Amino acid sequence: MNKAVDISTKKLISLAPNNWAKWVTGIPDIVTGEILNTEFQWISRQSDVVIQAESPQYGKFLILNELQLRHTSEMPRRMRAYAALAEEKYKLQTYPVLINILKISNSEIPTSFASNFIGLRAIQDYRVINLWEVDVNIAFETPLPSLLPFVPILKGGENESTIREALRMLRADEQLNQLETVLAFFATFVLESTLVQEIMRWDMTVLRESPWYQEILREGQARGEAEGEARGEVRGIISSIETSLEAKFGSDGLELMSQISQISDLEQLKEILRRIVVANTIQELRNVL
């Protein structure tokens, strides 16, 4: 499924590619080159961003960046495939990095793919970065402008003054000001929607139409389309609602699923998903239901 986001991952990373590369690899003297084409000939699949890099110690290599709204069980296998395809295409060693944006459970996230089939092993390690574990000061001090839209969900970034500072920096730079709706979307996970509206100074309908929300909606539709039936699409939207409730309201949000799971009207389910984006409290969602 193609990703639909306000600003592509490629553009986010290209804002400061050297600082990004230093952050994800931990190599202080790394120098980045071009951002490479990630269309692979044999398989219709794209990774997020592949950067050509070089350091005195490791020479030329690739940094494969995979940015996910939330982690899924398919990711280890996908990381193995992406790394292999990138190495085959560019004939360079690859450093794969998986970046997870939202925390949806306390389960440990794998850092490798491993299989053993009839005595033949396949292993692929990759680095995992969970944004909720990243200190918010990195975005301001490094500087790492690619992380500014994610400030509300970074560690220590949930307070109003920090979010206002991130917004000020985004608006002060012509290259960054398009990222305001991304910041606003994630701000609704930690602040009341009315306060986000006041900070951003525009109507919340702009946020409801944010492609970050559209991505969540499309994921649910795609799950249903894969099953090839209307009921499958309903189940897909319900699954997206469940994930969004847990990401925003935790276990309290999941208490609503017993009621939501009984709804079969697709448009009603889509409206519930829209309301989750701008809801301040669980009670608001109960009133909608």
# chains A, B, ... in the order shown; residues from 1 in each chain; ligands from 1
>>> residues_around(residues="Ala279 in chain A", least_positions_apart="5", cutoff="9 Å", atoms="only C-alpha atoms", output="number ranges by chain")
A: 188, 192-193, 274, 284-285
>>> closest_residue(among="A:Asn65, A:Ser239, A:Asn159, A:Leu147", to="Val182 in chain A", atoms="only C-alpha atoms")
A:Leu147
>>> select_by_dssp(residues="range 98-271 of chain A", states="alpha helix (DSSP H)", output="ChimeraX atom specification")
/A:137-141,160-172,180-187,193-200,205-208,211-227,230-249,251-254,257-260,266-271
>>> closest_residue(among="A:Ile237, A:Asp135, A:Thr243, A:Arg168", to="Thr72 in chain A", atoms="only C-alpha atoms")
A:Thr243
>>> atom_distance(atom1="CA of Leu167 in chain A", atom2="CA of Asn19 in chain A")
20.3 Å
>>> residues_around(residues="Leu170 in chain A", least_positions_apart="5", cutoff="7 Å", atoms="only C-alpha atoms", output="JSON, numbers by chain")
{"A": [176, 177, 179, 180]}
>>> closest_residue(among="A:Ala166, A:Met79, A:Ala86, A:Ile63", to="Ile123 in chain A", atoms="only C-alpha atoms")
A:Met79
>>> select_by_dssp(residues="range 10-244 of chain A", states="strand (DSSP E)", output="ChimeraX atom specification")
/A:31-36,49-55,59-70,94-102,112-117,120-125,127-130
>>> residues_around(residues="Asn287 in chain A", least_positions_apart="6", cutoff="12 Å", atoms="only C-alpha atoms", output="PyMOL selection string")
chain A and resi 256+272+275+279+281
>>> write_last_selection(atoms="C-alpha atoms", output="PDB file, in the first residue's frame")
ATOM      1  CA  LEU A 256     -15.399   1.267  23.656  1.00  0.00           C
ATOM      2  CA  ILE A 272     -16.161   7.444  14.414  1.00  0.00           C
ATOM      3  CA  ARG A 275     -14.032  11.837  15.670  1.00  0.00           C
ATOM      4  CA  ALA A 279     -11.758  14.021  20.560  1.00  0.00           C
ATOM      5  CA  THR A 281     -11.934  12.707  26.127  1.00  0.00           C
TER       6      THR A 281
END
>>> closest_atom_pairs(of="range 132-202 of chain A", to="range 248-252 of chain A", cutoff="10 Å", atoms="only C-alpha atoms", output="JSON lines")
{"residue": "A:Phe186", "atom": "CA", "partner": "A:Lys248", "partner_atom": "CA", "distance": 9.5}
{"residue": "A:Thr188", "atom": "CA", "partner": "A:Lys248", "partner_atom": "CA", "distance": 8.3}
{"residue": "A:Phe189", "atom": "CA", "partner": "A:Lys248", "partner_atom": "CA", "distance": 5.3}
{"residue": "A:Val190", "atom": "CA", "partner": "A:Lys248", "partner_atom": "CA", "distance": 8.0}
>>> residues_around(residues="Leu64 in chain A", least_positions_apart="5", cutoff="7 Å", atoms="only C-alpha atoms", output="ChimeraX atom specification")
/A:49-51,94-97
>>> atom_distance(atom1="CA of Ile129 in chain A", atom2="CA of Ile99 in chain A")
4.7 Å
>>> closest_residue(among="A:Leu12, A:Ala114, A:Ala53, A:Leu102", to="Ile30 in chain A", atoms="only C-alpha atoms")
A:Ala53
>>> closest_residue(among="A:Ser112, A:Gln175, A:Ser264, A:Asn106", to="Glu74 in chain A", atoms="only C-alpha atoms")
A:Ser112
>>> atom_distance(atom1="CA of Glu133 in chain A", atom2="CA of Ala184 in chain A")
19.9 Å
>>> closest_residue(among="A:Trp20, A:Phe117, A:Phe185, A:Tyr126", to="Arg77 in chain A", atoms="only C-alpha atoms")
A:Tyr126
>>> residues_around(residues="Glu158 in chain A", least_positions_apart="6", cutoff="8 Å", atoms="only C-alpha atoms", output="MDAnalysis selection string")
chainID A and resid 151:152 187 190:191
